>>> print(open('upload_27.cif').read())   # mmCIF, C-alpha atoms
data_data
#
loop_
_atom_site.label_atom_id
_atom_site.label_comp_id
_atom_site.auth_asym_id
_atom_site.auth_seq_id
_atom_site.Cartn_x
_atom_site.Cartn_y
_atom_site.Cartn_z
CA MET A 36 168.81 23.25 156.46
CA SER A 37 165.18 24.33 155.95
CA ASP A 38 162.30 21.89 156.11
CA PRO A 39 161.53 20.04 152.87
CA ILE A 40 158.66 21.14 150.64
CA ARG A 41 155.71 18.88 151.53
CA LEU A 42 154.04 17.51 148.40
CA PHE A 43 150.71 15.78 147.86
CA LEU A 44 150.16 13.86 144.59
CA VAL A 45 146.71 13.59 143.00
CA ASP A 46 146.36 11.35 139.93
CA ASP A 47 144.04 8.47 139.05
CA GLN A 48 146.93 6.43 137.63
CA GLN A 49 148.91 4.73 140.37
CA LEU A 50 151.95 4.21 138.16
CA VAL A 51 152.07 7.92 137.37
CA ARG A 52 151.96 8.78 141.07
CA ALA A 53 154.66 6.20 141.79
CA GLY A 54 156.91 7.66 139.09
CA PHE A 55 156.56 11.21 140.38
CA ALA A 56 157.02 10.06 143.99
CA MET A 57 160.26 8.30 143.09
CA VAL A 58 161.72 11.47 141.57
CA LEU A 59 160.43 13.82 144.26
CA ASP A 60 161.36 11.74 147.29
CA ALA A 61 164.89 11.46 145.92
CA THR A 62 165.17 15.26 145.98
CA PRO A 63 166.68 16.51 149.26
CA ASP A 64 164.43 19.55 149.66
CA MET A 65 161.16 17.74 148.86
CA GLN A 66 159.00 15.12 150.56
CA VAL A 67 155.85 13.37 149.33
CA VAL A 68 153.48 13.39 152.32
CA GLY A 69 150.40 11.89 150.68
CA GLN A 70 148.66 10.65 147.55
CA ALA A 71 145.11 10.37 146.24
CA GLY A 72 143.52 8.76 143.19
CA ASP A 73 140.85 11.42 142.57
CA GLY A 74 139.90 14.95 143.53
CA GLN A 75 137.41 13.97 146.22
CA ALA A 76 139.89 11.71 147.98
CA ALA A 77 142.40 14.56 147.85
CA LEU A 78 139.94 17.00 149.42
CA ASP A 79 139.13 14.51 152.16
CA ALA A 80 142.83 14.08 152.96
CA LEU A 81 143.75 17.76 152.73
CA THR A 82 140.78 19.45 154.40
CA GLY A 83 139.08 16.95 156.68
CA PRO A 84 139.86 15.95 160.27
CA GLY A 85 143.53 15.09 160.59
CA ALA A 86 144.34 16.90 157.34
CA VAL A 87 147.79 16.20 155.93
CA PRO A 88 150.00 19.33 156.25
CA THR A 89 150.94 20.14 152.66
CA ASP A 90 152.78 22.95 150.87
CA VAL A 91 152.18 22.09 147.20
CA VAL A 92 149.62 19.80 145.56
CA LEU A 93 150.44 18.25 142.19
CA MET A 94 146.98 17.91 140.65
CA ASP A 95 145.85 15.93 137.62
CA ILE A 96 142.81 17.31 135.76
CA GLN A 97 140.76 14.45 134.33
CA MET A 98 139.90 12.07 137.17
CA PRO A 99 136.83 10.11 138.35
CA ARG A 100 134.44 11.40 141.04
CA LEU A 101 135.88 14.92 141.09
CA ASN A 102 138.14 16.44 138.44
CA GLY A 103 141.23 18.47 139.20
CA VAL A 104 139.74 21.83 138.26
CA GLU A 105 136.81 21.50 140.68
CA ALA A 106 139.04 19.97 143.35
CA THR A 107 141.41 22.93 143.04
CA LYS A 108 138.56 25.39 143.32
CA ARG A 109 137.15 23.74 146.46
CA LEU A 110 140.55 23.27 148.06
CA LEU A 111 141.46 26.94 147.67
CA GLU A 112 138.22 28.01 149.33
CA HIS A 113 139.65 26.81 152.64
CA ALA A 114 141.77 28.97 154.91
CA ASP A 115 145.52 28.90 154.30
CA PRO A 116 145.38 26.26 151.55
CA PRO A 117 148.40 24.67 149.87
CA ARG A 118 149.41 25.90 146.43
CA VAL A 119 148.34 23.86 143.44
CA LEU A 120 150.45 22.91 140.43
CA VAL A 121 148.37 21.26 137.71
CA LEU A 122 150.01 18.43 135.76
CA THR A 123 148.14 16.98 132.80
CA THR A 124 148.66 15.05 129.58
CA PHE A 125 146.28 17.39 127.74
CA ASP A 126 147.89 20.32 125.97
CA LEU A 127 144.58 22.18 125.64
CA ASP A 128 144.15 25.84 126.50
CA GLU A 129 140.69 25.37 128.01
CA PHE A 130 142.10 23.00 130.62
CA ALA A 131 144.94 25.35 131.45
CA PHE A 132 142.66 28.35 131.70
CA ALA A 133 140.08 26.51 133.80
CA ALA A 134 142.82 25.46 136.21
CA LEU A 135 144.17 29.01 136.46
CA GLN A 136 140.67 30.41 136.95
CA ALA A 137 140.17 27.91 139.75
CA GLY A 138 143.25 29.34 141.47
CA ALA A 139 146.08 27.03 140.44
CA SER A 140 149.51 28.62 140.60
CA GLY A 141 150.80 26.81 137.54
CA PHE A 142 150.10 24.46 134.67
CA LEU A 143 152.53 21.92 133.24
CA LEU A 144 152.34 18.89 130.98
CA LYS A 145 153.23 15.53 132.51
CA ASP A 146 156.05 15.02 130.04
CA VAL A 147 157.96 17.93 131.60
CA GLY A 148 161.57 17.03 132.40
CA PRO A 149 162.60 16.39 136.01
CA THR A 150 164.71 19.55 136.19
CA ASP A 151 161.84 21.76 135.02
CA LEU A 152 159.37 19.99 137.30
CA LEU A 153 161.52 20.51 140.39
CA ALA A 154 162.11 24.15 139.45
CA ALA A 155 158.36 24.65 138.98
CA ILE A 156 157.58 23.16 142.39
CA ARG A 157 160.13 25.42 144.07
CA ALA A 158 158.75 28.46 142.22
CA VAL A 159 155.16 27.69 143.20
CA HIS A 160 156.21 27.09 146.79
CA ALA A 161 157.91 30.50 146.78
CA GLY A 162 154.69 32.15 145.63
CA ASP A 163 155.46 32.52 141.93
CA SER A 164 153.55 31.35 138.88
CA VAL A 165 155.07 28.75 136.56
CA VAL A 166 152.92 29.56 133.54
CA ALA A 167 155.10 31.16 130.89
CA PRO A 168 154.13 34.79 130.19
CA SER A 169 153.46 34.04 126.51
CA THR A 170 151.14 31.20 127.48
CA THR A 171 149.34 33.35 130.01
CA ARG A 172 148.83 36.14 127.48
CA ARG A 173 147.52 33.66 124.89
CA LEU A 174 145.07 32.21 127.40
CA ILE A 175 143.78 35.65 128.34
CA ASP A 176 143.49 36.70 124.70
CA ALA A 177 141.54 33.56 123.83
CA PHE A 178 139.20 33.29 126.79
CA VAL A 179 138.90 36.39 128.98
CA THR A 180 138.72 39.38 126.66
CA PRO A 181 136.23 38.11 124.02
CA VAL A 182 133.78 37.24 126.78
CA THR A 183 134.12 40.38 128.87
CA ARG A 184 134.82 43.10 126.27
CA VAL A 185 132.33 45.97 126.39
CA PRO A 186 131.35 48.39 123.58
CA GLY A 187 133.20 51.67 123.32
CA GLY A 188 136.65 50.41 124.10
CA GLY A 189 136.45 50.77 127.89
CA PRO A 190 137.77 48.18 130.31
CA PRO A 191 135.69 45.00 130.59
CA MET A 192 134.72 45.69 134.23
CA GLY A 193 133.71 49.31 133.52
CA THR A 194 135.77 52.48 133.89
CA GLU A 195 134.63 53.50 137.37
CA LEU A 196 135.00 50.02 138.84
CA ALA A 197 138.39 49.58 137.15
CA GLU A 198 139.67 52.89 138.52
CA ALA A 199 138.44 52.03 142.01
CA ARG A 200 140.14 48.64 141.81
CA LEU A 201 143.48 50.23 140.86
CA ARG A 202 143.30 53.21 143.21
CA PRO A 203 145.58 51.69 145.92
CA LEU A 204 148.51 51.53 143.49
CA THR A 205 151.20 54.13 142.98
CA ASP A 206 152.02 55.25 139.43
CA ARG A 207 155.08 53.01 139.39
CA GLU A 208 153.08 50.01 140.61
CA ARG A 209 150.57 50.60 137.80
CA GLU A 210 153.43 50.61 135.31
CA ILE A 211 154.70 47.34 136.74
CA LEU A 212 151.19 45.83 136.51
CA VAL A 213 150.99 46.84 132.85
CA ALA A 214 154.38 45.28 132.15
CA VAL A 215 153.39 42.00 133.84
CA GLY A 216 150.13 42.04 131.88
CA GLN A 217 152.12 42.39 128.66
CA GLY A 218 154.00 39.22 129.52
CA LEU A 219 157.36 40.76 130.43
CA THR A 220 159.70 38.89 132.75
CA ASN A 221 161.19 40.54 135.83
CA HIS A 222 164.48 40.91 133.96
CA GLU A 223 162.75 42.64 131.03
CA ILE A 224 160.79 44.92 133.36
CA ALA A 225 163.98 45.86 135.20
CA ALA A 226 165.69 46.73 131.92
CA SER A 227 162.70 48.76 130.68
CA PHE A 228 162.49 50.92 133.80
CA PHE A 229 166.21 50.93 134.70
CA LEU A 230 165.51 49.16 137.99
CA ALA A 231 167.18 46.35 139.86
CA GLU A 232 165.34 43.03 139.64
CA ALA A 233 165.02 43.03 143.42
CA THR A 234 163.18 46.35 143.16
CA VAL A 235 160.84 44.90 140.53
CA LYS A 236 160.06 41.97 142.84
CA THR A 237 159.32 44.43 145.65
CA HIS A 238 156.88 46.36 143.43
CA ILE A 239 155.18 43.13 142.32
CA GLY A 240 154.83 42.08 145.95
CA ALA A 241 153.23 45.44 146.75
CA VAL A 242 150.74 45.07 143.89
CA LEU A 243 149.79 41.55 145.01
CA ARG A 244 149.35 42.69 148.60
CA LYS A 245 147.40 45.89 147.89
CA LEU A 246 145.03 44.28 145.39
CA GLY A 247 144.60 40.99 147.22
CA LEU A 248 145.94 38.93 144.32
CA ARG A 249 147.37 35.45 144.68
CA ASP A 250 150.09 35.45 142.05
CA ARG A 251 151.39 36.75 138.73
CA VAL A 252 148.64 35.02 136.76
CA GLN A 253 145.98 36.99 138.61
CA MET A 254 147.94 40.17 137.90
CA VAL A 255 147.71 39.44 134.18
CA VAL A 256 143.97 38.80 134.39
CA LEU A 257 143.40 42.03 136.29
CA ALA A 258 145.52 44.04 133.85
CA TYR A 259 143.14 42.94 131.08
CA GLU A 260 139.96 43.30 133.08
CA THR A 261 140.78 46.88 134.10
CA GLY A 262 141.77 47.87 130.57
CA LEU A 263 145.44 48.52 131.38
CA VAL A 264 146.34 45.95 128.71
CA HIS A 265 144.38 45.10 125.59
CA VAL A 266 144.30 42.22 123.14
CA GLY A 267 147.44 42.09 121.03
CA GLN A 268 149.27 44.60 123.20
CA GLY A 269 152.78 43.71 124.36
#
>>> encode(input="upload_27.cif", output="structure tokens")
Amino acid sequence: MSDPIRLFLVDDQQLVRAGFAMVLDATPDMQVVGQAGDGQAALDALTGPGAVPTDVVLMDIQMPRLNGVEATKRLLEHADPPRVLVLTTFDLDEFAFAALQAGASGFLLKDVGPTDLLAAIRAVHAGDSVVAPSTTRRLIDAFVTPVTRVPGGGPPMGTELAEARLRPLTDREREILVAVGQGLTNHEIAASFFLAEATVKTHIGAVLRKLGLRDRVQMVVLAYETGLVHVGQG
């Protein structure tokens, strides 16, 4: 049996942490290795001397001293950081987008059911994003494109820069990047291109590796920034 997923809980409400810990510690493939009541305390525990070895951090957003967005950003600046799954009571796009911009691998509301929470943790630990494609596309439409759009219909980052950024990709990998940017699932991409899902996963892995991207969310952002996908497309 493989080692359990090591989890660190960050929330300013002790009862909330206790509730999550009860569920997670009762799950055979998971183990809560630490807790903190604010972002600064989490950083101290996760990055300082004697740092707690952690695979996934469950991070609240609104906390005293240091909020979850800034804590996520600072945590991910360190070498080989844990992945971050943001859990919040606030169903507001700006919080979700700020967390994703900071490098979080997912965004969920605290009222998520235990089954979905455990599945999300496993997905994040495996390197996937747990933000639904439709949510990701809505966030990008609302926040990225209006700010970065340039006159003339070219890509927000400029045609030459966009082409240079995408140059490492094969034609098929570009097609896969477009499909991810449009919010398609691996199953839908496989059906569209008559590929096996395993092949789609291989192409996505190649795109992530070649472009230095962390996860599927960053693929969506890049697809918009390079002009491969536009507002309302998909």
>>> closest_residue(input="upload_27.cif", among="A:Ala56, A:Leu110, A:Leu263, A:Val87", to="Val213 of chain A", atoms="only C-alpha atoms")
A:Leu263
>>> closest_residue(input="upload_27.cif", among="A:Arg109, A:Arg251, A:Lys236, A:Arg202", to="Gly218 of chain A", atoms="all atoms listed in the file")
A:Arg251
>>> closest_residue(input="upload_27.cif", among="A:Met254, A:Val92, A:Leu196, A:Leu201", to="Pro117 of chain A", atoms="all atoms listed in the file")
A:Val92
>>> residues_around(input="upload_27.cif", residues="Leu120 of chain A", least_positions_apart="2", cutoff="8 Å", atoms="all atoms listed in the file", output="PyMOL selection string")
chain A and resi 91-94+118+122+139-143+156+159
>>> write_last_selection(input="upload_27.cif", atoms="C-alpha atoms", output="short mmCIF file (atom, residue, chain, number, x, y, z; two decimals), in the coordinates of the input")
data_model
loop_
_atom_site.label_atom_id
_atom_site.label_comp_id
_atom_site.auth_asym_id
_atom_site.auth_seq_id
_atom_site.Cartn_x
_atom_site.Cartn_y
_atom_site.Cartn_z
CA VAL A 91 152.18 22.09 147.20
CA VAL A 92 149.62 19.80 145.56
CA LEU A 93 150.44 18.25 142.19
CA MET A 94 146.98 17.91 140.65
CA ARG A 118 149.41 25.90 146.43
CA LEU A 122 150.01 18.43 135.76
CA ALA A 139 146.08 27.03 140.44
CA SER A 140 149.51 28.62 140.60
CA GLY A 141 150.80 26.81 137.54
CA PHE A 142 150.10 24.46 134.67
CA LEU A 143 152.53 21.92 133.24
CA ILE A 156 157.58 23.16 142.39
CA VAL A 159 155.16 27.69 143.20
#
>>> residues_around(input="upload_27.cif", residues="His238 of chain A", least_positions_apart="5", cutoff="10 Å", atoms="only C-alpha atoms", output="number ranges by chain")
A: 204-205, 207-212, 232-233, 243-244
>>> write_last_selection(input="upload_27.cif", atoms="C-alpha atoms", output="PDB file, in the frame of the given file")
ATOM      1  CA  LEU A 204     148.510  51.530 143.490  1.00  0.00           C
ATOM      2  CA  THR A 205     151.200  54.130 142.980  1.00  0.00           C
ATOM      3  CA  ARG A 207     155.080  53.010 139.390  1.00  0.00           C
ATOM      4  CA  GLU A 208     153.080  50.010 140.610  1.00  0.00           C
ATOM      5  CA  ARG A 209     150.570  50.600 137.800  1.00  0.00           C
ATOM      6  CA  GLU A 210     153.430  50.610 135.310  1.00  0.00           C
ATOM      7  CA  ILE A 211     154.700  47.340 136.740  1.00  0.00           C
ATOM      8  CA  LEU A 212     151.190  45.830 136.510  1.00  0.00           C
ATOM      9  CA  GLU A 232     165.340  43.030 139.640  1.00  0.00           C
ATOM     10  CA  ALA A 233     165.020  43.030 143.420  1.00  0.00           C
ATOM     11  CA  LEU A 243     149.790  41.550 145.010  1.00  0.00           C
ATOM     12  CA  ARG A 244     149.350  42.690 148.600  1.00  0.00           C
TER      13      ARG A 244
END
>>> closest_residue(input="upload_27.cif", among="A:Asp206, A:Asp115, A:Asp47, A:Asp250", to="Arg100 of chain A", atoms="all atoms listed in the file")
A:Asp47
>>> closest_residue(input="upload_27.cif", among="A:Val165, A:Ala258, A:Ala134, A:Leu152", to="Arg200 of chain A", atoms="only C-alpha atoms")
A:Ala258
>>> residues_around(input="upload_27.cif", residues="segment 97-99 of chain A", least_positions_apart="6", cutoff="9 Å", atoms="only C-alpha atoms", output="list of chain:residue names")
A:Asp46, A:Asp47, A:Gly72, A:Asp73, A:Gly74, A:Gln75, A:Thr123
>>> atom_distance(input="upload_27.cif", atom1="atom CA of Ala158 of chain A", atom2="atom CA of Thr234 of chain A")
18.5 Å
>>> atom_distance(input="upload_27.cif", atom1="atom CA of Lys108 of chain A", atom2="atom CA of Ala155 of chain A")
20.3 Å
>>> closest_residue(input="upload_27.cif", among="A:Gln48, A:Thr237, A:Asp151, A:Asp64", to="Thr124 of chain A", atoms="all atoms listed in the file")
A:Gln48
>>> atom_distance(input="upload_27.cif", atom1="atom CA of Thr107 of chain A", atom2="atom CA of Ala137 of chain A")
6.1 Å
>>> resolve_selection(input="upload_27.cif", expression="the PyMOL selection byres ((chain A and resi 86) around 12)", output="number ranges by chain")
A: 43, 68-69, 76-85, 87-89, 110, 113, 116-117
>>> residues_near_point(input="upload_27.cif", point="(146.9, 48.2, 147.6)", cutoff="6 Å", atoms="all atoms listed in the file", output="NGL selection string")
:A and (203-204 or 245-246)
